[in-house]
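**Student:** File follows, upload-v2.txt with compact mmCIF, C-alpha atoms:
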# COMPACT_ATOMS: atom_id res chain seq x y z
CA MET A 29 18.41 -6.24 -23.76
CA LYS A 30 18.65 -3.50 -21.14
CA PHE A 31 15.41 -2.78 -19.22
CA CYS A 32 14.55 0.25 -17.11
CA PHE A 33 11.58 0.17 -14.70
CA ALA A 34 9.84 2.95 -12.78
CA THR A 35 6.84 2.80 -10.46
CA LEU A 36 4.25 5.24 -9.17
CA GLY A 37 1.58 4.62 -6.56
CA CYS A 38 0.79 1.88 -4.10
CA LYS A 39 2.58 -1.18 -2.77
CA VAL A 40 0.69 -3.38 -5.24
CA ASN A 41 2.32 -1.44 -8.07
CA GLN A 42 5.69 -1.81 -6.34
CA PHE A 43 5.18 -5.57 -6.08
CA GLU A 44 4.18 -5.87 -9.73
CA THR A 45 7.16 -3.85 -10.93
CA GLN A 46 9.69 -5.91 -8.98
CA ALA A 47 8.00 -9.07 -10.30
CA LEU A 48 8.35 -7.84 -13.89
CA ALA A 49 11.98 -6.97 -13.20
CA GLN A 50 12.55 -10.54 -11.93
CA LEU A 51 10.91 -12.00 -15.02
CA ALA A 52 13.01 -9.78 -17.29
CA GLN A 53 16.21 -10.92 -15.58
CA ALA A 54 15.09 -14.56 -15.85
CA ARG A 55 14.92 -14.02 -19.62
CA GLY A 56 18.51 -12.82 -19.63
CA HIS A 57 17.86 -9.08 -19.72
CA THR A 58 19.76 -6.62 -17.51
CA LEU A 59 18.36 -3.79 -15.37
CA VAL A 60 19.64 -0.25 -15.87
CA GLN A 61 18.55 3.33 -15.13
CA THR A 62 19.96 4.99 -18.26
CA GLY A 63 20.83 3.80 -21.75
CA ALA A 64 18.01 1.26 -21.79
CA ASP A 65 16.56 -0.53 -24.79
CA VAL A 66 13.17 -0.76 -23.04
CA CYS A 67 11.49 1.48 -20.44
CA ILE A 68 8.42 0.27 -18.54
CA LEU A 69 6.48 2.76 -16.39
CA ASN A 70 3.92 1.28 -13.98
CA THR A 71 1.39 4.08 -13.58
CA CYS A 72 -1.05 5.26 -10.89
CA THR A 73 -4.36 7.05 -11.30
CA VAL A 74 -5.85 7.41 -7.81
CA THR A 75 -6.01 11.21 -8.18
CA SER A 76 -5.73 13.78 -10.96
CA SER A 77 -2.40 14.86 -9.46
CA GLY A 78 -1.29 11.24 -9.83
CA ASP A 79 -1.89 11.53 -13.56
CA HIS A 80 0.45 14.54 -13.69
CA LYS A 81 3.10 12.55 -11.82
CA ASN A 82 2.79 9.85 -14.48
CA LEU A 83 3.59 12.38 -17.18
CA ARG A 84 6.59 13.75 -15.29
CA ALA A 85 7.95 10.25 -14.69
CA LEU A 86 7.43 9.37 -18.35
CA HIS A 87 9.30 12.45 -19.54
CA LYS A 88 12.20 11.73 -17.19
CA MET A 89 12.49 8.13 -18.42
CA GLN A 90 12.45 9.34 -22.01
CA ARG A 91 15.13 11.96 -21.32
CA ASP A 92 17.36 9.38 -19.62
CA ASN A 93 16.70 6.74 -22.30
CA PRO A 94 16.00 8.64 -25.56
CA ASP A 95 16.22 5.64 -27.90
CA ALA A 96 14.27 3.15 -25.80
CA VAL A 97 10.95 1.47 -26.50
CA THR A 98 8.54 2.89 -23.93
CA ALA A 99 5.67 0.95 -22.35
CA LEU A 100 2.95 2.21 -20.01
CA CYS A 101 1.13 -0.27 -17.81
CA GLY A 102 -0.87 0.10 -14.61
CA CYS A 103 -3.97 2.00 -13.56
CA PHE A 104 -3.59 5.19 -15.63
CA ALA A 105 -2.99 3.13 -18.77
CA GLN A 106 -6.02 0.98 -17.89
CA THR A 107 -8.49 3.81 -17.32
CA GLU A 108 -7.28 6.15 -20.06
CA PRO A 109 -5.73 3.97 -22.78
CA GLU A 110 -6.47 6.36 -25.66
CA ARG A 111 -4.88 9.27 -23.86
CA ALA A 112 -1.89 7.12 -22.90
CA ALA A 113 -1.42 5.88 -26.47
CA LYS A 114 -1.33 9.47 -27.78
CA LEU A 115 1.51 10.53 -25.49
CA ALA A 116 4.67 11.31 -27.41
CA GLY A 117 7.12 8.44 -27.58
CA VAL A 118 4.83 5.79 -26.06
CA ASP A 119 5.06 2.51 -27.97
CA ILE A 120 3.04 0.12 -25.78
CA VAL A 121 -0.04 0.56 -23.57
CA CYS A 122 -1.14 -2.52 -21.63
CA GLY A 123 -3.19 -1.67 -18.51
CA THR A 124 -3.51 -3.88 -15.41
CA ALA A 125 -4.18 -7.31 -16.95
CA ASP A 126 -1.68 -9.94 -18.09
CA ARG A 127 1.32 -8.05 -16.76
CA ALA A 128 3.87 -10.66 -17.80
CA ALA A 129 2.86 -10.29 -21.46
CA VAL A 130 4.29 -6.76 -21.49
CA LEU A 131 7.76 -8.29 -21.72
CA ASP A 132 6.81 -10.12 -24.93
CA LEU A 133 5.39 -6.90 -26.35
CA CYS A 134 8.53 -4.97 -25.46
CA GLU A 135 10.84 -7.54 -27.04
CA GLN A 136 8.75 -7.47 -30.20
CA ALA A 137 8.63 -3.65 -30.26
CA VAL A 138 12.43 -3.37 -30.12
CA ARG A 139 12.48 -5.22 -33.42
CA SER A 140 9.42 -3.70 -35.12
CA ARG A 141 8.74 -0.33 -33.38
CA GLN A 142 5.05 -0.82 -34.11
CA PRO A 143 2.76 0.85 -31.53
CA VAL A 144 0.55 -1.57 -29.57
CA CYS A 145 -2.41 -1.05 -27.23
CA THR A 146 -3.74 -4.22 -25.58
CA VAL A 147 -6.00 -2.73 -22.89
CA SER A 148 -9.22 -4.72 -22.39
CA ASP A 149 -12.14 -4.33 -19.98
CA ILE A 150 -10.55 -5.37 -16.68
CA ARG A 151 -13.97 -6.12 -15.18
CA THR A 152 -14.26 -9.18 -17.42
CA HIS A 153 -11.16 -10.73 -15.82
CA ARG A 154 -11.88 -13.27 -13.08
CA GLU A 155 -8.54 -15.03 -12.60
CA PHE A 156 -5.78 -13.78 -10.32
CA GLU A 157 -2.53 -13.26 -12.20
CA ALA A 158 0.18 -14.84 -10.04
CA LEU A 159 3.50 -13.02 -10.27
CA PRO A 160 6.71 -14.05 -8.49
CA ALA A 161 7.37 -12.54 -5.10
CA GLY A 162 10.94 -11.59 -4.33
CA ILE A 163 13.22 -9.40 -2.32
CA LEU A 164 14.87 -6.36 -3.83
CA PRO A 165 18.67 -6.06 -3.46
CA GLY A 166 19.60 -4.28 -0.25
CA HIS A 167 16.27 -4.97 1.46
CA THR A 168 15.20 -7.19 4.36
CA ARG A 169 11.45 -6.85 3.75
CA ALA A 170 9.39 -8.17 0.85
CA LEU A 171 5.90 -7.66 -0.52
CA LEU A 172 3.50 -10.52 -1.17
CA LYS A 173 0.49 -9.62 -3.34
CA VAL A 174 -2.40 -11.91 -2.46
CA GLN A 175 -5.40 -10.07 -3.92
CA ASP A 176 -6.43 -7.75 -6.74
CA GLY A 177 -9.55 -5.76 -7.57
CA CYS A 178 -12.24 -4.07 -5.49
CA ASP A 179 -16.04 -4.27 -5.43
CA ASN A 180 -16.69 -1.51 -2.87
CA TYR A 181 -17.23 1.39 -5.29
CA CYS A 182 -16.58 4.24 -2.86
CA THR A 183 -17.84 7.41 -4.50
CA TYR A 184 -14.42 9.08 -4.67
CA CYS A 185 -12.46 6.10 -6.00
CA ILE A 186 -11.60 5.05 -9.57
CA ILE A 187 -9.83 1.84 -8.55
CA PRO A 188 -12.70 -0.62 -9.22
CA TYR A 189 -12.63 0.57 -12.82
CA ALA A 190 -8.84 0.33 -12.98
CA ARG A 191 -8.48 -3.04 -11.22
CA GLY A 192 -11.74 -4.89 -11.80
CA HIS A 193 -13.47 -7.38 -9.53
CA VAL A 194 -11.96 -9.13 -6.51
CA ARG A 195 -9.50 -11.87 -7.43
CA SER A 196 -7.37 -13.82 -4.95
CA LEU A 197 -4.18 -15.85 -4.89
CA PRO A 198 -4.98 -19.40 -3.66
CA LEU A 199 -4.03 -19.80 -0.01
CA GLU A 200 -1.63 -22.69 -0.57
CA THR A 201 0.16 -20.74 -3.33
CA ALA A 202 0.52 -17.74 -1.01
CA ARG A 203 1.90 -20.03 1.69
CA ASN A 204 4.47 -21.48 -0.71
CA GLU A 205 5.52 -18.00 -1.86
CA ALA A 206 6.09 -17.00 1.77
CA ILE A 207 8.28 -20.08 2.31
CA LYS A 208 10.33 -19.16 -0.78
CA LEU A 209 10.81 -15.64 0.56
CA ALA A 210 11.94 -17.01 3.92
CA GLN A 211 14.53 -19.12 2.10
CA GLN A 212 15.85 -15.88 0.54
CA GLN A 213 16.51 -14.55 4.07
CA VAL A 214 13.55 -12.19 4.07
CA ARG A 215 12.89 -10.98 7.61
CA GLU A 216 9.45 -9.46 7.08
CA ILE A 217 6.63 -10.00 4.58
CA MET A 218 4.06 -7.31 3.89
CA VAL A 219 0.77 -8.88 2.79
CA THR A 220 -0.65 -6.54 0.19
CA GLY A 221 -3.45 -6.22 -2.34
CA ILE A 222 -5.93 -3.68 -3.62
CA GLU A 223 -8.47 -4.55 -0.88
CA ILE A 224 -7.18 -7.46 1.17
CA ALA A 225 -10.23 -7.52 3.45
CA SER A 226 -12.03 -9.16 0.49
CA TYR A 227 -9.38 -11.86 0.14
CA GLY A 228 -10.75 -15.29 -0.71
CA ARG A 229 -14.37 -14.46 -1.52
CA ASP A 230 -13.77 -15.65 -5.12
CA LEU A 231 -11.94 -18.86 -4.18
CA PRO A 232 -13.72 -22.25 -4.04
CA GLN A 233 -13.65 -22.74 -0.27
CA ARG A 234 -13.83 -18.98 0.45
CA PRO A 235 -10.89 -18.72 2.89
CA GLY A 236 -10.79 -15.31 4.53
CA LEU A 237 -7.95 -12.97 5.36
CA VAL A 238 -7.70 -14.39 8.87
CA ASP A 239 -7.24 -17.91 7.41
CA LEU A 240 -4.52 -16.63 5.10
CA THR A 241 -2.74 -14.68 7.84
CA ALA A 242 -2.75 -17.62 10.23
CA ALA A 243 -1.42 -19.91 7.49
CA LEU A 244 1.42 -17.51 6.68
CA CYS A 245 2.36 -17.01 10.33
CA GLU A 246 2.50 -20.78 10.81
CA ALA A 247 4.43 -21.41 7.58
CA VAL A 248 7.25 -18.95 8.33
CA PRO A 249 7.40 -18.60 12.13
CA HIS A 250 10.74 -16.76 12.03
CA VAL A 251 9.52 -14.14 9.53
CA ARG A 252 7.37 -11.24 10.64
CA ILE A 253 4.02 -10.98 8.83
CA ARG A 254 2.66 -7.44 8.43
CA LEU A 255 -0.81 -6.82 7.05
CA GLY A 256 -1.56 -4.10 4.52
CA SER A 257 -4.50 -1.70 4.68
CA LEU A 258 -7.62 -3.17 6.30
CA GLU A 259 -11.30 -2.35 6.08
CA PRO A 260 -12.94 -2.11 9.54
CA ARG A 261 -15.44 -4.88 8.75
CA ILE A 262 -12.64 -7.47 8.66
CA VAL A 263 -11.55 -6.80 12.24
CA THR A 264 -14.03 -9.08 13.99
CA GLN A 265 -13.66 -10.77 17.35
CA ASP A 266 -12.76 -13.96 15.48
CA PHE A 267 -10.00 -12.06 13.63
CA CYS A 268 -8.50 -10.94 16.93
CA ASP A 269 -8.96 -14.24 18.77
CA ARG A 270 -7.32 -16.32 16.04
CA LEU A 271 -4.35 -14.04 15.41
CA ARG A 272 -3.49 -12.80 18.90
CA GLY A 273 -1.30 -15.84 19.64
CA PHE A 274 1.20 -15.38 16.80
CA ASP A 275 4.46 -13.83 17.97
CA ASN A 276 5.50 -13.10 14.38
CA LEU A 277 2.44 -10.99 13.51
CA ALA A 278 3.34 -7.30 13.36
CA TYR A 279 1.63 -5.14 15.97
CA HIS A 280 0.64 -2.66 13.29
CA PHE A 281 -2.85 -2.40 11.84
CA HIS A 282 -3.64 0.20 9.21
CA VAL A 283 -7.43 0.49 9.35
CA SER A 284 -8.87 2.78 6.70
CA LEU A 285 -11.25 5.46 8.05
CA GLN A 286 -11.45 8.42 5.55
CA SER A 287 -13.80 10.49 7.75
CA GLY A 288 -14.88 10.64 11.37
CA CYS A 289 -18.36 11.91 10.48
CA ASP A 290 -21.19 9.48 9.73
CA ALA A 291 -22.88 11.77 7.21
CA THR A 292 -19.62 12.13 5.25
CA LEU A 293 -18.98 8.39 5.41
CA GLN A 294 -22.44 7.82 3.92
CA ARG A 295 -21.74 10.21 1.04
CA MET A 296 -18.44 8.39 0.47
CA HIS A 297 -20.32 5.05 0.38
CA ARG A 298 -18.11 3.68 3.14
CA ARG A 299 -19.74 0.60 4.65
CA TYR A 300 -19.44 1.34 8.37
CA THR A 301 -20.31 3.95 10.95
CA THR A 302 -17.99 5.67 13.40
CA ALA A 303 -19.47 3.51 16.18
CA GLN A 304 -18.60 0.33 14.26
CA TYR A 305 -15.12 1.66 13.55
CA ALA A 306 -14.57 2.53 17.24
CA ALA A 307 -15.60 -1.00 18.22
CA CYS A 308 -13.04 -2.37 15.74
CA ILE A 309 -10.28 -0.24 17.31
CA HIS A 310 -11.30 -1.39 20.79
CA ARG A 311 -11.07 -5.07 19.74
CA LEU A 312 -7.57 -4.54 18.32
CA ARG A 313 -6.27 -2.81 21.43
CA ASP A 314 -7.77 -5.44 23.70
CA ALA A 315 -6.19 -8.29 21.70
CA PHE A 316 -2.86 -6.61 20.84
CA PRO A 317 -1.84 -4.27 23.68
CA SER A 318 0.48 -1.42 22.60
CA CYS A 319 -0.27 -2.07 18.91
CA SER A 320 0.13 0.72 16.37
CA ILE A 321 -3.16 1.68 14.73
CA THR A 322 -2.79 3.97 11.73
CA THR A 323 -5.32 5.27 9.22
CA ASP A 324 -6.17 7.47 6.22
CA ILE A 325 -8.24 10.67 6.23
CA ILE A 326 -9.68 12.67 3.32
CA THR A 327 -10.43 16.31 4.13
CA GLY A 328 -12.82 18.55 2.23
CA PHE A 329 -14.98 15.85 0.68
CA PRO A 330 -17.98 17.39 -1.16
CA GLY A 331 -20.55 18.64 1.33
CA GLU A 332 -18.23 18.49 4.33
CA THR A 333 -19.24 21.38 6.58
CA GLU A 334 -17.13 22.87 9.33
CA GLU A 335 -19.31 21.05 11.84
CA GLU A 336 -18.76 17.71 10.07
CA PHE A 337 -15.02 18.36 9.98
CA SER A 338 -15.10 19.13 13.72
CA GLN A 339 -16.78 15.76 14.25
CA THR A 340 -13.88 14.14 12.39
CA LEU A 341 -11.31 15.90 14.59
CA ASP A 342 -13.16 14.78 17.74
CA PHE A 343 -13.33 11.19 16.48
CA LEU A 344 -9.62 11.16 15.63
CA ARG A 345 -8.82 12.28 19.19
CA GLN A 346 -11.05 9.50 20.50
CA CYS A 347 -9.22 6.88 18.42
CA ALA A 348 -5.72 8.17 19.37
CA PHE A 349 -4.02 6.98 16.19
CA ALA A 350 -0.29 6.36 16.06
CA SER A 351 -0.08 7.92 12.59
CA ILE A 352 -2.45 9.34 9.96
CA HIS A 353 -2.05 9.62 6.19
CA VAL A 354 -3.87 12.83 5.26
CA PHE A 355 -5.18 13.69 1.79
CA PRO A 356 -7.09 16.81 0.76
CA TYR A 357 -9.95 15.62 -1.44
CA SER A 358 -9.05 15.59 -5.13
CA GLU A 359 -11.71 15.25 -7.83
CA ARG A 360 -11.25 12.19 -9.98
CA THR A 361 -13.02 12.21 -13.34
CA GLY A 362 -15.25 9.16 -13.71
CA THR A 363 -16.25 8.90 -10.05
CA PRO A 364 -19.65 9.92 -8.59
CA ALA A 365 -18.05 12.33 -6.12
CA ALA A 366 -16.58 14.43 -8.93
CA SER A 367 -20.07 15.68 -9.82
CA MET A 368 -21.44 15.99 -6.28
CA PRO A 369 -22.80 19.41 -5.21
CA ASP A 370 -21.40 21.61 -2.45
CA ALA A 371 -17.73 21.30 -3.41
CA VAL A 372 -15.37 22.49 -0.69
CA PRO A 373 -12.92 25.18 -1.91
CA PRO A 374 -9.42 23.75 -2.46
CA GLN A 375 -7.85 26.14 0.04
CA VAL A 376 -10.28 24.94 2.73
CA ARG A 377 -9.45 21.31 1.93
CA ALA A 378 -5.75 22.11 2.34
CA GLN A 379 -6.31 24.03 5.59
CA ARG A 380 -8.28 21.15 7.06
CA ALA A 381 -5.60 18.69 5.98
CA GLU A 382 -3.01 20.75 7.81
CA ARG A 383 -5.13 20.80 10.96
CA VAL A 384 -5.37 16.99 10.83
CA ARG A 385 -1.60 16.72 10.30
CA GLN A 386 -0.95 18.89 13.36
CA LEU A 387 -3.30 16.74 15.45
CA ALA A 388 -1.69 13.58 14.07
CA ALA A 389 1.77 14.83 15.04
CA HIS A 390 0.64 15.31 18.65
CA MET A 391 -1.03 11.89 18.77
CA GLY A 392 2.04 10.30 17.23
CA ARG A 393 4.29 11.69 19.96
CA ASP A 394 1.77 10.60 22.61
CA PHE A 395 1.84 7.08 21.20
CA LEU A 396 5.65 6.90 21.20
CA GLN A 397 6.14 8.35 24.69
CA PRO A 398 5.50 5.08 26.61
CA PHE A 399 8.16 3.32 24.50
CA LEU A 400 10.98 5.50 25.86
CA GLY A 401 13.41 3.36 27.82
CA GLN A 402 11.89 0.10 26.60
CA THR A 403 13.94 -2.73 25.13
CA ILE A 404 12.63 -4.22 21.90
CA PRO A 405 13.96 -6.54 19.15
CA VAL A 406 14.58 -4.95 15.76
CA VAL A 407 15.91 -6.06 12.37
CA LEU A 408 18.76 -3.94 11.00
CA GLU A 409 18.43 -2.36 7.59
CA HIS A 410 21.12 -1.02 5.25
CA ALA A 411 23.37 1.49 7.03
CA ARG A 412 23.24 5.13 5.94
CA ALA A 413 25.82 7.85 6.37
CA HIS A 414 24.48 9.24 9.65
CA ALA A 415 22.41 6.38 11.07
CA GLN A 416 21.47 2.73 10.64
CA PRO A 417 17.71 2.29 10.44
CA ALA A 418 15.92 -0.76 11.78
CA HIS A 419 12.33 -1.94 12.10
CA GLY A 420 10.42 -3.68 14.86
CA LYS A 421 6.89 -5.03 15.00
CA TRP A 422 5.22 -1.61 15.34
CA HIS A 423 4.74 1.07 12.67
CA PHE A 424 7.69 3.28 13.52
CA SER A 425 11.29 3.10 12.32
CA VAL A 426 14.19 2.84 14.77
CA PHE A 427 17.45 4.73 14.16
CA LEU A 428 20.78 3.48 15.55
CA PRO A 429 24.35 4.82 15.26
CA PRO A 430 26.02 4.10 11.89
CA ASN A 431 27.49 0.62 11.41
CA THR A 432 25.72 -0.86 14.43
CA GLY A 433 25.59 -4.24 12.73
CA LYS A 434 24.97 -6.24 9.60
CA GLN A 435 21.85 -5.74 7.55
CA GLY A 436 19.29 -8.44 8.34
CA ASP A 437 20.58 -9.12 11.86
CA GLU A 438 18.03 -9.08 14.68
CA ILE A 439 19.28 -7.36 17.81
CA SER A 440 17.89 -5.92 21.03
CA VAL A 441 17.89 -2.15 21.42
CA ARG A 442 16.88 0.37 24.05
CA LEU A 443 14.69 3.20 22.77
CA THR A 444 16.21 6.49 23.95
CA ALA A 445 14.46 9.39 22.20
CA ILE A 446 11.59 10.31 19.90
CA HIS A 447 12.83 11.03 16.40
CA LYS A 448 10.88 12.97 13.77
CA ASP A 449 10.59 9.76 11.72
CA GLY A 450 10.38 7.24 14.56
CA MET A 451 12.64 6.61 17.59
CA GLN A 452 16.35 6.71 18.32
CA ALA A 453 17.95 3.75 20.06
CA ILE A 454 21.19 2.15 21.20
CA ALA A 455 22.15 -1.49 20.78
CA LEU A 456 22.42 -3.71 23.84
Please, can you express the file's structure as structure tokens?
**Tutor:**
Amino acid sequence: MKFCFATLGCKVNQFETQALAQLAQARGHTLVQTGADVCILNTCTVTSSGDHKNLRALHKMQRDNPDAVTALCGCFAQTEPERAAKLAGVDIVCGTADRAAVLDLCEQAVRSRQPVCTVSDIRTHREFEALPAGILPGHTRALLKVQDGCDNYCTYCIIPYARGHVRSLPLETARNEAIKLAQQQVREIMVTGIEIASYGRDLPQRPGLVDLTAALCEAVPHVRIRLGSLEPRIVTQDFCDRLRGFDNLAYHFHVSLQSGCDATLQRMHRRYTTAQYAACIHRLRDAFPSCSITTDIITGFPGETEEEFSQTLDFLRQCAFASIHVFPYSERTGTPAASMPDAVPPQVRAQRAERVRQLAAHMGRDFLQPFLGQTIPVVLEHARAHAQPAHGKWHFSVFLPPNTGKQGDEISVRLTAIHKDGMQAIAL
């Protein structure tokens, strides 16, 4: 059969989609974009706008593949299965559990065309579903999902209800998956999960993220290991002391913040203060000089006054981030924040987001400035028409002249200029 896949949302969704694509190919199916027998859309539901994107993606898949069986999986399907099942042309709804079973359901539906909804309460699931890691054609970097679920219950977030409780991939299994990726000529592995700071708390010997990271760095010393989004509480002195000696650990730490105001953090049910977060940033910079520290910010959370927003701006300046992902607050039905008083008008949320983006742009240039003229090693990516991108151990991309070299090669380059998406360079 011919299978078409599409993905919305986070890197975990991306990992799961490529794993399903691998499993489909292992069964003898082929991957296509149009004329498919089966379409599988891996959905997102972090925000209400994400739900609208799901619908647009679904309609596009159905237009491109009008006769195909259509399956919805992922977080939107998990949290709103009845709504998903009522969407025109949807044959299968299967949520975030037992992902591999969706292939069986799709094969059966091609023969029977009987609608199926298999969504169960994800919070009853306690076992991590191991899916095969792999590298997509034309890529040098791969994702490795090591954790699922979240028990933090931030007041704005639906994900604990979409993903269930914390579940972890056994450390030795993760290590073996990394070795397999290295044998496929992967040059960098991104360690990802829904909340990787909670990695291992459900496993028998309770290994932590630092144990996992050290094991991966040791197992594949010639492959760069890059960590996904971190909670500040995981960045202890022990974390820094144990990982600072690994040359193949990326100097990029994305440490989630959301607000630089303690009162707002408390309303969000974030489990740290700005003082604790600042101490975390200090530990990282002491252990990993020149490292990229990036973060997320939500503007216009319910009750956020102009004074509280000013506190956030001041704290961002203090932290001097290399890059910031900025999101105006978006109500998500089913979360406590959606019914909180003192809602901030949408136009004010957007204005504040723009002010953070402008500040982030200045801080980003300030971070890149000391790199001008430096020589660094980078791994070449697939050449484009006007440039050949590459990546080093920091957060920013490097852009070289077209056809500088072969994809996957590691070369030394001199950084020559700040580019809107990273830095320009020449090969040495």
**Student:** List as number ranges by chain the protein and nucleic acid residues near Pro160 in chain A, meaning an atom at most 9 Å away when all atoms listed in the file are counted, but skip any in the same chain fewer than 5 places from it.
**Tutor:** A: 43-44, 46-48, 50-51, 172, 205
**Student:** Kindly indicate which residue among A:Thr35, A:Asn93, A:Asn41, A:Gln416 lies nearest to Lys81 in chain A, using only C-alpha atoms for the distances.
**Tutor:** A:Thr35
**Student:** Show which residues sit within 10 Å of Val263 in chain A, as a list in words. Count all atoms listed in the file, and ignore same-chain residues fewer than 2 positions away.
**Tutor:**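 Contacts, with the query itself left out: Ala225, Leu237, Val238, Leu258, Glu259, Pro260, Arg261, Gln265, Asp266, Phe267, Cys268, Phe281, Val283, Tyr305, Ala307, Cys308, Ile309, Arg311 and Leu312 of chain A.
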**Student:** Would you mind telling me which residue in A:Ala411, A:Val40, A:Val376, A:Ala34 lies nearest to Gly256 in chain A when using all atoms listed in the file?
**Tutor:** A:Val40
**Student:** Could you list as a list in words every residue that has an atom within 6 Å of (-14.4, -4.2, -0.9), using the file's coordinates and counting all atoms listed in the file?
**Tutor:** Cys178, Asp179, Asn180, Glu223 and Ser226 of chain A
**Student:** Here is a test: counting only C-alpha atoms, which residue of A:Leu277, A:Ala445, A:Ile262, A:Ile325 is nearest to Leu341 in chain A?
**Tutor:**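 Ranking A:Leu277, A:Ala445, A:Ile262, A:Ile325 by distance to Leu341 in chain A, first place goes to A:Ile325.
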**Student:** Residues near range 86-88 of chain A, anyone? I mean within 10 Å using all atoms listed in the file, not counting same-chain ones fewer than 3 positions away, as a list in words.
**Tutor:** Ala34, Cys67, Ile68, Leu69, Asn70, Thr71, His80, Lys81, Asn82, Leu83, Arg91, Asp92, Asn93, Pro94, Thr98, Ala99, Leu100, Leu115, Ala116, Gly117 and Val118 of chain A
**Student:** Take the residues that were just selected and, keeping C-alpha atoms, output them as a PDB file, keeping the file's coordinate frame.
**Tutor:**
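So again-v7.pdb came out as:
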ATOM      1  CA  ALA A  34       9.840   2.950 -12.780  1.00  0.00           C
ATOM      2  CA  CYS A  67      11.490   1.480 -20.440  1.00  0.00           C
ATOM      3  CA  ILE A  68       8.420   0.270 -18.540  1.00  0.00           C
ATOM      4  CA  LEU A  69       6.480   2.760 -16.390  1.00  0.00           C
ATOM      5  CA  ASN A  70       3.920   1.280 -13.980  1.00  0.00           C
ATOM      6  CA  THR A  71       1.390   4.080 -13.580  1.00  0.00           C
ATOM      7  CA  HIS A  80       0.450  14.540 -13.690  1.00  0.00           C
ATOM      8  CA  LYS A  81       3.100  12.550 -11.820  1.00  0.00           C
ATOM      9  CA  ASN A  82       2.790   9.850 -14.480  1.00  0.00           C
ATOM     10  CA  LEU A  83       3.590  12.380 -17.180  1.00  0.00           C
ATOM     11  CA  ARG A  91      15.130  11.960 -21.320  1.00  0.00           C
ATOM     12  CA  ASP A  92      17.360   9.380 -19.620  1.00  0.00           C
ATOM     13  CA  ASN A  93      16.700   6.740 -22.300  1.00  0.00           C
ATOM     14  CA  PRO A  94      16.000   8.640 -25.560  1.00  0.00           C
ATOM     15  CA  THR A  98       8.540   2.890 -23.930  1.00  0.00           C
ATOM     16  CA  ALA A  99       5.670   0.950 -22.350  1.00  0.00           C
ATOM     17  CA  LEU A 100       2.950   2.210 -20.010  1.00  0.00           C
ATOM     18  CA  LEU A 115       1.510  10.530 -25.490  1.00  0.00           C
ATOM     19  CA  ALA A 116       4.670  11.310 -27.410  1.00  0.00           C
ATOM     20  CA  GLY A 117       7.120   8.440 -27.580  1.00  0.00           C
ATOM     21  CA  VAL A 118       4.830   5.790 -26.060  1.00  0.00           C
TER      22      VAL A 118
END
**Student:** Near Ala129 in chain A, within 12 Å and counting all atoms listed in the file, which residues show up once chain neighbours fewer than 3 positions away are dropped, as a VMD selection string?
**Tutor:** chain A and resid 48 51 to 52 99 101 120 to 126 132 to 136 146 to 147 157 159
**Student:** I'd like the interatomic distance between CA of Leu443 in chain A and CA of Trp422 in chain A, to a tenth of an Å.
**Tutor:**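 Going from CA of Leu443 in chain A over to CA of Trp422 in chain A covers 13.0 Å.
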**Student:** Report, in Å to a single decimal, how far apart CA of Cys72 in chain A and CA of Ala85 in chain A are.
**Tutor:**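 CA of Cys72 in chain A lies at a distance of 11.0 Å from CA of Ala85 in chain A.
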**Student:** Restricting the calculation to only C-alpha atoms, which member of A:Gly420, A:Asn431, A:Ser257, A:Arg383 is positioned closest to Tyr279 in chain A?
**Tutor:**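 For Tyr279 in chain A, the nearest of the candidates is A:Gly420.
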**Student:** Could you tell me how far CA of Thr201 in chain A sits from CA of Arg154 in chain A, in Å to one decimal place?
**Tutor:**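 Going from CA of Arg154 in chain A over to CA of Thr201 in chain A, I get 17.2 Å.
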